[in-house]
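*Asks:* structure.cif is reproduced in full below (mmCIF, C-alpha atoms and all ligand atoms).
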data_input
#
loop_
_atom_site.label_atom_id
_atom_site.label_comp_id
_atom_site.auth_asym_id
_atom_site.auth_seq_id
_atom_site.Cartn_x
_atom_site.Cartn_y
_atom_site.Cartn_z
CA MET A 1 1.97 113.02 90.09
CA THR A 2 0.98 109.70 91.67
CA THR A 3 -0.02 107.18 89.05
CA GLU A 4 -2.15 104.06 88.79
CA VAL A 5 0.80 101.91 87.67
CA LYS A 6 2.02 99.82 90.63
CA ARG A 7 5.78 99.94 90.74
CA VAL A 8 8.40 98.01 92.74
CA PHE A 9 11.96 99.14 93.45
CA SER A 10 14.74 97.43 95.35
CA GLY A 11 18.53 97.40 95.40
CA ILE A 12 21.41 95.21 96.46
CA GLN A 13 25.01 96.08 97.16
CA PRO A 14 27.77 94.46 95.14
CA THR A 15 29.83 93.78 98.26
CA GLY A 16 31.10 90.20 98.12
CA GLU A 17 28.99 87.29 97.04
CA LEU A 18 25.27 87.04 97.68
CA HIS A 19 24.13 84.72 100.45
CA LEU A 20 21.09 82.78 101.54
CA GLY A 21 19.84 85.69 103.67
CA ASN A 22 19.80 88.02 100.66
CA TYR A 23 17.90 85.40 98.67
CA VAL A 24 15.34 84.34 101.26
CA GLY A 25 14.80 87.82 102.72
CA ALA A 26 14.74 89.87 99.53
CA LEU A 27 15.62 88.37 96.13
CA SER A 28 12.98 85.63 96.15
CA ASN A 29 10.36 88.38 96.52
CA TRP A 30 12.02 90.38 93.73
CA VAL A 31 11.41 87.43 91.43
CA LYS A 32 7.81 86.84 92.54
CA MET A 33 6.87 90.48 92.25
CA GLN A 34 7.64 90.41 88.54
CA ASP A 35 4.29 88.58 88.20
CA GLU A 36 2.39 90.68 90.71
CA TYR A 37 3.23 94.30 89.85
CA ASP A 38 3.04 96.41 86.68
CA GLU A 39 6.70 97.47 86.82
CA THR A 40 9.69 96.05 88.68
CA ILE A 41 12.93 98.01 88.91
CA TYR A 42 16.03 96.42 90.43
CA CYS A 43 19.36 98.05 90.96
CA VAL A 44 22.91 97.04 91.85
CA VAL A 45 23.60 99.84 94.31
CA ASP A 46 27.32 100.32 93.75
CA LEU A 47 27.39 103.87 95.21
CA HIS A 48 26.16 102.45 98.52
CA ALA A 49 28.91 99.84 98.53
CA MET A 50 31.58 102.57 98.34
CA THR A 51 30.78 103.67 101.89
CA VAL A 52 33.10 101.04 103.38
CA PRO A 53 36.77 100.52 102.39
CA TYR A 54 37.21 98.43 99.22
CA ASP A 55 39.69 97.18 96.65
CA VAL A 56 39.00 98.84 93.27
CA GLU A 57 39.53 95.76 91.10
CA GLU A 58 37.58 93.42 93.35
CA PHE A 59 34.79 95.97 93.60
CA HIS A 60 34.56 96.30 89.82
CA ALA A 61 34.41 92.52 89.39
CA ALA A 62 31.81 92.19 92.17
CA ARG A 63 29.42 94.54 90.34
CA LEU A 64 29.27 92.24 87.33
CA GLN A 65 29.11 89.13 89.51
CA THR A 66 26.14 90.60 91.40
CA ALA A 67 24.35 91.45 88.16
CA LYS A 68 24.90 87.86 86.97
CA LEU A 69 23.54 86.44 90.21
CA LEU A 70 20.41 88.56 89.92
CA LEU A 71 19.80 87.16 86.46
CA ALA A 72 20.55 83.66 87.75
CA VAL A 73 17.97 83.86 90.57
CA GLY A 74 15.31 84.75 88.01
CA ILE A 75 15.28 88.50 87.37
CA ASP A 76 14.13 88.69 83.77
CA PRO A 77 15.56 91.73 81.94
CA ASP A 78 12.65 91.65 79.51
CA ARG A 79 10.21 92.16 82.36
CA SER A 80 12.30 94.06 84.93
CA LEU A 81 14.53 97.07 84.66
CA LEU A 82 18.00 96.11 85.90
CA TYR A 83 20.95 98.52 86.10
CA TYR A 84 23.91 99.88 88.10
CA GLN A 85 23.00 102.80 90.35
CA SER A 86 26.14 104.79 89.43
CA GLN A 87 25.03 104.88 85.78
CA VAL A 88 21.97 106.94 86.70
CA PRO A 89 23.19 110.22 88.25
CA GLN A 90 19.66 111.32 89.13
CA HIS A 91 19.88 109.05 92.21
CA ALA A 92 22.65 111.23 93.65
CA GLU A 93 20.92 114.46 92.61
CA LEU A 94 17.71 113.51 94.42
CA ALA A 95 19.73 112.37 97.45
CA TRP A 96 21.10 115.92 97.72
CA ILE A 97 17.61 117.42 97.61
CA LEU A 98 16.28 114.94 100.20
CA GLY A 99 19.35 115.59 102.37
CA THR A 100 18.19 119.17 102.80
CA ILE A 101 15.04 117.97 104.59
CA THR A 102 16.67 115.18 106.65
CA GLY A 103 17.44 115.76 110.31
CA ILE A 104 20.91 114.89 111.61
CA GLY A 105 19.40 113.36 114.76
CA GLN A 106 17.35 110.93 112.70
CA LEU A 107 20.44 109.72 110.81
CA GLU A 108 22.38 109.38 114.05
CA ARG A 109 19.78 106.92 115.31
CA MET A 110 20.26 104.47 112.40
CA THR A 111 21.54 101.19 113.83
CA GLN A 112 23.18 100.12 110.56
CA TYR A 113 25.22 103.32 110.57
CA LYS A 114 26.34 102.75 114.15
CA GLU A 115 27.31 99.14 113.47
CA LYS A 116 29.14 99.82 110.21
CA ALA A 117 30.85 102.98 111.50
CA ASP A 118 32.17 100.95 114.45
CA LYS A 119 33.61 98.33 112.07
CA ALA A 120 34.62 100.31 108.99
CA GLY A 121 35.05 103.86 110.29
CA GLN A 122 32.86 106.92 109.89
CA ASN A 123 32.42 108.84 106.64
CA LEU A 124 29.81 111.20 105.28
CA GLY A 125 28.63 108.69 102.65
CA LEU A 126 27.96 106.03 105.29
CA PHE A 127 26.13 108.58 107.43
CA SER A 128 23.88 109.70 104.59
CA TYR A 129 23.41 106.16 103.18
CA PRO A 130 19.69 106.06 104.16
CA VAL A 131 19.09 109.34 102.27
CA LEU A 132 20.56 107.88 99.09
CA MET A 133 18.44 104.78 99.65
CA ALA A 134 15.34 106.98 99.92
CA ALA A 135 16.37 108.69 96.67
CA ASP A 136 16.78 105.28 94.95
CA ILE A 137 13.18 104.42 95.80
CA LEU A 138 11.68 107.85 95.21
CA VAL A 139 13.38 108.68 91.92
CA HIS A 140 11.22 105.87 90.53
CA ARG A 141 8.18 106.82 92.66
CA ALA A 142 7.95 103.20 93.80
CA HIS A 143 4.96 101.87 95.74
CA ALA A 144 6.55 98.72 97.14
CA VAL A 145 10.06 97.83 98.30
CA PRO A 146 10.93 94.16 98.86
CA VAL A 147 13.72 94.07 101.50
CA GLY A 148 14.79 92.04 104.52
CA ASP A 149 13.90 92.95 108.08
CA ASP A 150 17.18 94.82 108.60
CA GLN A 151 15.99 97.59 106.29
CA THR A 152 12.91 98.50 108.36
CA GLN A 153 14.47 101.60 109.89
CA HIS A 154 15.70 102.87 106.51
CA LEU A 155 12.26 102.38 104.97
CA GLU A 156 10.71 104.31 107.85
CA LEU A 157 13.06 107.20 107.13
CA THR A 158 12.04 107.08 103.45
CA ARG A 159 8.37 107.26 104.44
CA ASP A 160 9.07 110.22 106.77
CA LEU A 161 10.86 112.01 103.94
CA VAL A 162 7.92 111.40 101.58
CA GLU A 163 5.54 112.96 104.07
CA ARG A 164 7.84 115.91 104.74
CA PHE A 165 8.55 116.50 101.04
CA ASN A 166 4.93 116.20 99.91
CA HIS A 167 3.77 118.48 102.71
CA ARG A 168 6.29 121.15 101.77
CA PHE A 169 6.44 120.88 97.96
CA GLY A 170 3.20 119.16 96.85
CA GLU A 171 2.06 115.58 96.31
CA ILE A 172 4.99 114.23 94.32
CA PHE A 173 5.81 110.85 95.87
CA PRO A 174 3.64 107.84 96.77
CA LEU A 175 4.21 106.38 100.25
CA PRO A 176 6.26 103.22 99.65
CA GLU A 177 5.37 100.01 101.44
CA ARG A 178 7.95 97.56 102.80
CA ILE A 179 7.46 93.98 101.59
CA THR A 180 9.09 91.23 103.66
CA PRO A 181 8.54 87.49 103.46
CA GLU A 182 6.41 85.77 106.14
CA ILE A 183 9.28 83.51 107.06
CA GLY A 184 12.96 84.27 106.57
CA ALA A 185 12.76 88.08 106.78
CA ARG A 186 15.91 87.82 108.92
CA VAL A 187 18.04 84.77 108.24
CA MET A 188 20.56 84.40 111.06
CA SER A 189 24.25 83.52 111.01
CA LEU A 190 24.92 79.77 111.10
CA GLN A 191 27.65 80.37 113.68
CA ASP A 192 25.83 82.89 115.86
CA PRO A 193 22.06 82.59 115.50
CA THR A 194 21.55 85.82 117.44
CA SER A 195 23.06 87.97 114.68
CA LYS A 196 21.96 88.16 111.05
CA MET A 197 23.66 86.30 108.23
CA SER A 198 25.85 88.91 106.59
CA LYS A 199 28.36 89.28 103.77
CA SER A 200 30.81 91.13 105.96
CA ASP A 201 30.99 88.50 108.73
CA PRO A 202 34.67 87.48 108.84
CA ASN A 203 33.74 83.83 109.43
CA PRO A 204 32.77 82.21 106.09
CA ASN A 205 31.11 79.30 107.97
CA SER A 206 28.46 81.75 109.12
CA ARG A 207 26.79 81.87 105.71
CA ILE A 208 25.87 79.92 102.59
CA LEU A 209 26.54 81.62 99.28
CA LEU A 210 24.22 81.19 96.32
CA VAL A 211 27.14 79.77 94.33
CA ASP A 212 28.37 77.32 96.99
CA ASP A 213 28.57 73.74 95.80
CA PRO A 214 26.63 70.95 97.55
CA ASP A 215 29.57 69.73 99.66
CA VAL A 216 30.17 73.18 101.10
CA ILE A 217 26.45 73.58 101.86
CA ARG A 218 26.36 70.19 103.65
CA LYS A 219 29.44 71.09 105.69
CA ARG A 220 28.15 74.54 106.68
CA ILE A 221 24.76 73.24 107.80
CA LYS A 222 26.31 70.31 109.62
CA SER A 223 28.53 72.70 111.60
CA ALA A 224 25.72 75.20 112.29
CA VAL A 225 25.61 76.18 115.96
CA THR A 226 22.50 74.82 117.73
CA ASP A 227 22.12 73.90 121.43
CA SER A 228 22.84 71.05 123.79
CA GLU A 229 19.37 69.47 123.55
CA THR A 230 18.20 66.90 121.00
CA THR A 231 14.57 67.79 120.23
CA VAL A 232 13.79 69.84 117.12
CA ALA A 233 11.38 72.64 118.14
CA TYR A 234 10.51 76.12 116.87
CA ASP A 235 11.37 78.42 119.73
CA TRP A 236 13.49 81.52 119.00
CA ASP A 237 14.17 82.26 122.68
CA ARG A 238 15.40 78.82 123.67
CA LYS A 239 16.55 77.40 120.33
CA PRO A 240 17.59 80.17 117.94
CA GLY A 241 19.91 77.91 115.91
CA ILE A 242 17.27 75.24 115.29
CA SER A 243 14.57 77.87 114.68
CA ASN A 244 16.77 79.52 112.05
CA LEU A 245 17.31 76.16 110.31
CA LEU A 246 13.57 75.44 110.49
CA GLU A 247 12.79 78.72 108.71
CA ILE A 248 15.39 77.99 106.03
CA PHE A 249 14.00 74.44 105.65
CA SER A 250 10.43 75.71 105.41
CA PHE A 251 11.39 78.29 102.77
CA PHE A 252 13.16 75.79 100.53
CA SER A 253 10.80 72.84 100.99
CA GLY A 254 7.60 74.91 100.80
CA ARG A 255 6.37 73.02 103.87
CA LYS A 256 4.89 74.49 107.05
CA ILE A 257 7.16 74.77 110.11
CA ASP A 258 4.67 72.77 112.24
CA ASP A 259 4.78 69.97 109.70
CA LEU A 260 8.56 69.87 109.76
CA VAL A 261 8.63 69.90 113.56
CA ASP A 262 6.19 66.95 113.61
CA GLU A 263 8.40 64.98 111.28
CA TYR A 264 11.81 65.85 112.75
CA ALA A 265 11.12 66.52 116.47
CA GLU A 266 12.65 63.22 117.50
CA GLY A 267 15.48 61.54 115.63
CA GLY A 268 18.25 63.95 116.51
CA TYR A 269 19.83 67.06 115.05
CA GLY A 270 22.04 65.09 112.63
CA ARG A 271 19.13 63.71 110.62
CA PHE A 272 17.37 67.09 110.72
CA LYS A 273 20.43 68.96 109.46
CA GLU A 274 20.91 66.49 106.61
CA ALA A 275 17.35 67.10 105.46
CA VAL A 276 17.79 70.88 105.70
CA ALA A 277 20.99 70.67 103.63
CA GLU A 278 19.33 68.61 100.88
CA ALA A 279 16.41 71.09 100.63
CA VAL A 280 18.84 74.01 100.33
CA ILE A 281 20.92 72.16 97.72
CA ASP A 282 17.79 71.41 95.66
CA GLY A 283 16.81 75.07 95.80
CA LEU A 284 20.21 76.54 94.97
CA THR A 285 21.43 74.11 92.30
CA PRO A 286 19.40 75.65 89.43
CA ILE A 287 20.68 79.12 90.41
CA ARG A 288 24.31 77.94 90.42
CA THR A 289 23.83 76.23 87.06
CA ARG A 290 22.29 79.31 85.42
CA TYR A 291 25.00 81.51 86.91
CA LYS A 292 27.74 79.44 85.29
CA GLN A 293 26.03 79.61 81.89
CA LEU A 294 25.80 83.40 81.76
CA ASP A 295 28.15 85.25 79.46
CA ASP A 296 29.90 88.33 80.92
CA ALA A 297 29.64 90.41 77.74
CA GLU A 298 25.96 89.67 77.39
CA VAL A 299 25.34 90.65 81.02
CA ALA A 300 27.29 93.89 80.53
CA HIS A 301 25.06 94.65 77.55
CA ILE A 302 21.90 94.01 79.60
CA MET A 303 23.18 96.40 82.28
CA GLU A 304 23.98 99.08 79.71
CA ARG A 305 20.54 98.80 78.16
CA GLY A 306 18.97 98.96 81.63
CA ALA A 307 20.90 102.12 82.53
CA LEU A 308 19.72 103.88 79.36
CA ASP A 309 16.09 103.17 80.19
CA ALA A 310 16.53 103.97 83.90
CA ARG A 311 18.16 107.33 83.11
CA ALA A 312 15.23 108.32 80.91
CA ARG A 313 12.69 107.33 83.56
CA ALA A 314 14.59 108.97 86.41
CA GLU A 315 14.99 112.16 84.40
CA ARG A 316 11.23 112.33 83.83
CA SER A 317 10.77 112.26 87.62
CA MET A 318 13.52 114.79 88.20
CA VAL A 319 11.92 117.30 85.81
CA GLU A 320 8.85 117.36 88.09
CA ILE A 321 10.87 117.29 91.29
CA ARG A 322 13.12 120.19 90.20
CA LYS A 323 10.01 122.18 89.30
CA ALA A 324 8.43 121.42 92.68
CA VAL A 325 11.46 122.62 94.66
CA GLY A 326 12.10 125.70 92.51
CA LEU A 327 15.03 124.49 90.42
CA ALA A 328 13.42 124.39 86.97
CA GLY A 329 14.57 126.67 84.13
CA TYR A 330 17.01 129.60 84.05
N1 LIG A 401 20.37 87.85 106.91
C1 LIG A 401 19.44 88.36 106.12
N2 LIG A 401 18.17 87.89 106.16
C2 LIG A 401 17.20 88.41 105.36
N3 LIG A 401 17.43 89.41 104.46
C3 LIG A 401 18.69 89.89 104.38
N4 LIG A 401 19.24 90.86 103.62
C4 LIG A 401 20.56 90.97 103.91
N5 LIG A 401 20.89 90.09 104.87
C5 LIG A 401 19.75 89.41 105.19
C6 LIG A 401 18.52 91.62 102.61
O1 LIG A 401 19.21 91.51 101.37
C7 LIG A 401 19.00 92.71 100.63
C8 LIG A 401 20.29 93.18 100.06
O2 LIG A 401 21.19 93.49 101.10
P1 LIG A 401 22.41 94.45 100.85
O3 LIG A 401 23.53 93.70 100.34
O4 LIG A 401 22.01 95.61 100.05
O5 LIG A 401 22.65 95.02 102.26
P2 LIG A 401 22.98 94.38 103.60
O6 LIG A 401 21.74 94.31 104.40
O7 LIG A 401 24.02 95.29 104.10
O8 LIG A 401 23.55 92.90 103.33
P3 LIG A 401 24.58 92.18 104.27
O9 LIG A 401 24.86 90.84 103.79
O10 LIG A 401 24.14 92.27 105.67
O11 LIG A 401 25.88 93.02 104.02
P4 LIG A 401 26.82 93.63 105.10
O12 LIG A 401 27.50 92.48 105.72
O13 LIG A 401 27.73 94.48 104.26
O14 LIG A 401 25.99 94.41 106.05
C9 LIG A 401 18.35 93.71 101.56
O15 LIG A 401 16.98 93.81 101.23
C10 LIG A 401 18.51 93.11 102.92
O16 LIG A 401 17.45 93.45 103.76
#
Let me see the structure of the file written as structure tokens.
*Replies:*
Amino acid sequence: MTTEVKRVFSGIQPTGELHLGNYVGALSNWVKMQDEYDETIYCVVDLHAMTVPYDVEEFHAARLQTAKLLLAVGIDPDRSLLYYQSQVPQHAELAWILGTITGIGQLERMTQYKEKADKAGQNLGLFSYPVLMAADILVHRAHAVPVGDDQTQHLELTRDLVERFNHRFGEIFPLPERITPEIGARVMSLQDPTSKMSKSDPNPNSRILLVDDPDVIRKRIKSAVTDSETTVAYDWDRKPGISNLLEIFSFFSGRKIDDLVDEYAEGGYGRFKEAVAEAVIDGLTPIRTRYKQLDDAEVAHIMERGALDARARAERSMVEIRKAVGLAGY
């Protein structure tokens, strides 16, 4: 059932607003891969976001806001399939099937589960989150998955499940490859450069949102935690704060880290931070502008159209999967 068409799948949760880490680590690759692969499929994974406590109205609004941001960063609905996960029930059906070949011990080792369960409390959905993520990827038989570094363990589980499933039921799924950017695969918090920038960090100064205006961006970068020295250098062990800013700077300016270090090594952190802020502002301004121009009803229509197409594609896969596992017919 493997095919010559090279297909990309990735998803993002509609929990809160999207931040620089999401963009640098994942979304920028989503956009690029539209030119590099035959098919790109992107999903707002709302079922995943239900695994932590949420407010129903805010959650509903965040789905649409996330869809709008994806369009604003450059996902083109004429070239990519874009939809809400919950509108395609085959994701959940395949997750059930994959769950029957997933070991409990393997899920218990997932660091994201441990971290989130500590913060938000345990539930079965949170525990089986990586199985649903595997189903998201495999229901489209994707070959490549652009994600940040934090998803490495989940992708490994997906690859294990592919091998286990194919061995038991026949060659149904291709082995998906994780695609991460060379720099910025893990953008760190601006307030604690030893932990990743995250939507759920209670301190808003820890992150920059894609819709933040220039003044907020300047303030957040100015107050980013660094160290007590004055020389700009790329050294994650000794200078995690400065190294994080250097990666962000390099991403947005398109310049090499060595080049930036040469130019900004001396001259103090103040001047360096100002330059980082201006590069980020230049990069995010077009996204913010496009976001403001998008019409809610039009975006809802795009998502509806995407779901129709995604359901048809996912069902084609499921017909073969059901047959392989012995669930076809009456
Ligand atoms: N700090 C980051 N650096 C690089 N990539 C990141 N990603 C997230 N944070 C960073 C990548 O963004 C994609 C979408 O993430 P998600 O929203 O589906 O899941 P997440 O990893 O749970 O995002 P957050 O912000 O960290 O949310 P919370 O706070 O809820 O845990 C993924 O490809 C992810 O790798």
*Asks:* Suppose you want the space between CA of His91 in chain A and CA of Leu161 in chain A; what is it in Å?
*Replies:* 15.1 Å
*Asks:* With a distance cut-off of 12 Å and all atoms listed in the file, select the neighbouring residues of Leu124 in chain A, excluding the residue or stretch itself and same-chain residues fewer than 4 positions from it, and output the selection as a ChimeraX atom specification.
*Replies:* /A:48,50-52,99,104,107-108,113,117,128-132
*Asks:* Residues at most 10 Å from Ala134 in chain A, counting only C-alpha atoms, excluding those fewer than 5 positions away in the same chain, as a list of chain:residue names?
*Replies:*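 My reading of the contact set: A:His91, A:Leu94, A:Ala95, A:Leu98, A:Gly99, A:Tyr129, A:Val139, A:His154, A:Leu155, A:Glu156, A:Leu157, A:Thr158, A:Arg159, A:Asp160, A:Leu161, A:Val162, A:Pro176.
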*Asks:* Mind dumping the selected residues with C-alpha atoms as a compact mmCIF listing (two decimals), keeping the file's coordinate frame?
*Replies:*
# COMPACT_ATOMS: atom_id res chain seq x y z
CA HIS A 91 19.88 109.05 92.21
CA LEU A 94 17.71 113.51 94.42
CA ALA A 95 19.73 112.37 97.45
CA LEU A 98 16.28 114.94 100.20
CA GLY A 99 19.35 115.59 102.37
CA TYR A 129 23.41 106.16 103.18
CA VAL A 139 13.38 108.68 91.92
CA HIS A 154 15.70 102.87 106.51
CA LEU A 155 12.26 102.38 104.97
CA GLU A 156 10.71 104.31 107.85
CA LEU A 157 13.06 107.20 107.13
CA THR A 158 12.04 107.08 103.45
CA ARG A 159 8.37 107.26 104.44
CA ASP A 160 9.07 110.22 106.77
CA LEU A 161 10.86 112.01 103.94
CA VAL A 162 7.92 111.40 101.58
CA PRO A 176 6.26 103.22 99.65
*Asks:* At a cut-off of 6 Å, can you tabulate as JSON lines every residue of chain A near ligand LIG 401 (chain A) together with its closest atom pair and the distance in Å to one decimal, using all atoms listed in the file and ordering rows by chain then number?
*Replies:*
{"residue": "A:Ile12", "atom": "CA", "partner": "A:LIG401", "partner_atom": "O4", "distance": 3.7}
{"residue": "A:Gln13", "atom": "CA", "partner": "A:LIG401", "partner_atom": "O4", "distance": 4.2}
{"residue": "A:Gly21", "atom": "CA", "partner": "A:LIG401", "partner_atom": "C1", "distance": 3.6}
{"residue": "A:Asn22", "atom": "CA", "partner": "A:LIG401", "partner_atom": "O1", "distance": 3.6}
{"residue": "A:Gly25", "atom": "CA", "partner": "A:LIG401", "partner_atom": "N3", "distance": 3.5}
{"residue": "A:Ala26", "atom": "CA", "partner": "A:LIG401", "partner_atom": "O15", "distance": 4.8}
{"residue": "A:Val147", "atom": "CA", "partner": "A:LIG401", "partner_atom": "O15", "distance": 3.3}
{"residue": "A:Gly148", "atom": "CA", "partner": "A:LIG401", "partner_atom": "O16", "distance": 3.1}
{"residue": "A:Asp149", "atom": "CA", "partner": "A:LIG401", "partner_atom": "O16", "distance": 5.6}
{"residue": "A:Asp150", "atom": "CA", "partner": "A:LIG401", "partner_atom": "O16", "distance": 5.0}
{"residue": "A:Gln151", "atom": "CA", "partner": "A:LIG401", "partner_atom": "O16", "distance": 5.1}
{"residue": "A:Ala185", "atom": "CA", "partner": "A:LIG401", "partner_atom": "C2", "distance": 4.7}
{"residue": "A:Arg186", "atom": "CA", "partner": "A:LIG401", "partner_atom": "N2", "distance": 3.6}
{"residue": "A:Val187", "atom": "CA", "partner": "A:LIG401", "partner_atom": "N2", "distance": 3.8}
{"residue": "A:Met188", "atom": "CA", "partner": "A:LIG401", "partner_atom": "N1", "distance": 5.4}
{"residue": "A:Lys196", "atom": "CA", "partner": "A:LIG401", "partner_atom": "N1", "distance": 4.4}
{"residue": "A:Met197", "atom": "CA", "partner": "A:LIG401", "partner_atom": "N1", "distance": 3.9}
{"residue": "A:Ser198", "atom": "CA", "partner": "A:LIG401", "partner_atom": "O9", "distance": 3.5}
{"residue": "A:Lys199", "atom": "CA", "partner": "A:LIG401", "partner_atom": "O9", "distance": 3.8}
{"residue": "A:Ser200", "atom": "CA", "partner": "A:LIG401", "partner_atom": "O12", "distance": 3.6}
*Asks:* Mind listing as a PyMOL selection string all residues within 12 Å of (27.0, 95.0, 90.5), counting only C-alpha atoms?
*Replies:* chain A and resi 11-18+42-50+58-71+82-87+299-300+303-304
*Asks:* For Asp215 in chain A, which residue out of A:Ala233, A:Val73, A:Val280, A:Ile97 is the nearest one, using all atoms listed in the file?
*Replies:* A:Val280
*Asks:* Got a sec: who's within 7 Å of Leu209 in chain A, counting only C-alpha atoms, leaving out chain neighbours fewer than 2 positions off, as a list in words?
*Replies:*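 In the requested form, the answer reads Glu17, Leu18, His19, Leu20, Arg207, Val211 and Asp212 of chain A.
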*Asks:* What does the distance between CA of Ser206 in chain A and CA of Pro53 in chain A come to in Å, to one decimal place?
*Replies:* 21.6 Å
*Asks:* Quick one: pull the distance between CA of Asp295 in chain A and CA of Val88 in chain A, Å, one decimal.
*Replies:* 23.7 Å
*Asks:* Using only C-alpha atoms, can you tell me which of A:Pro146, A:Thr152, A:Arg313, A:Val8 comes closest to Gln112 in chain A?
*Replies:*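 Using only C-alpha atoms, the shortest distance to Gln112 in chain A belongs to A:Thr152.
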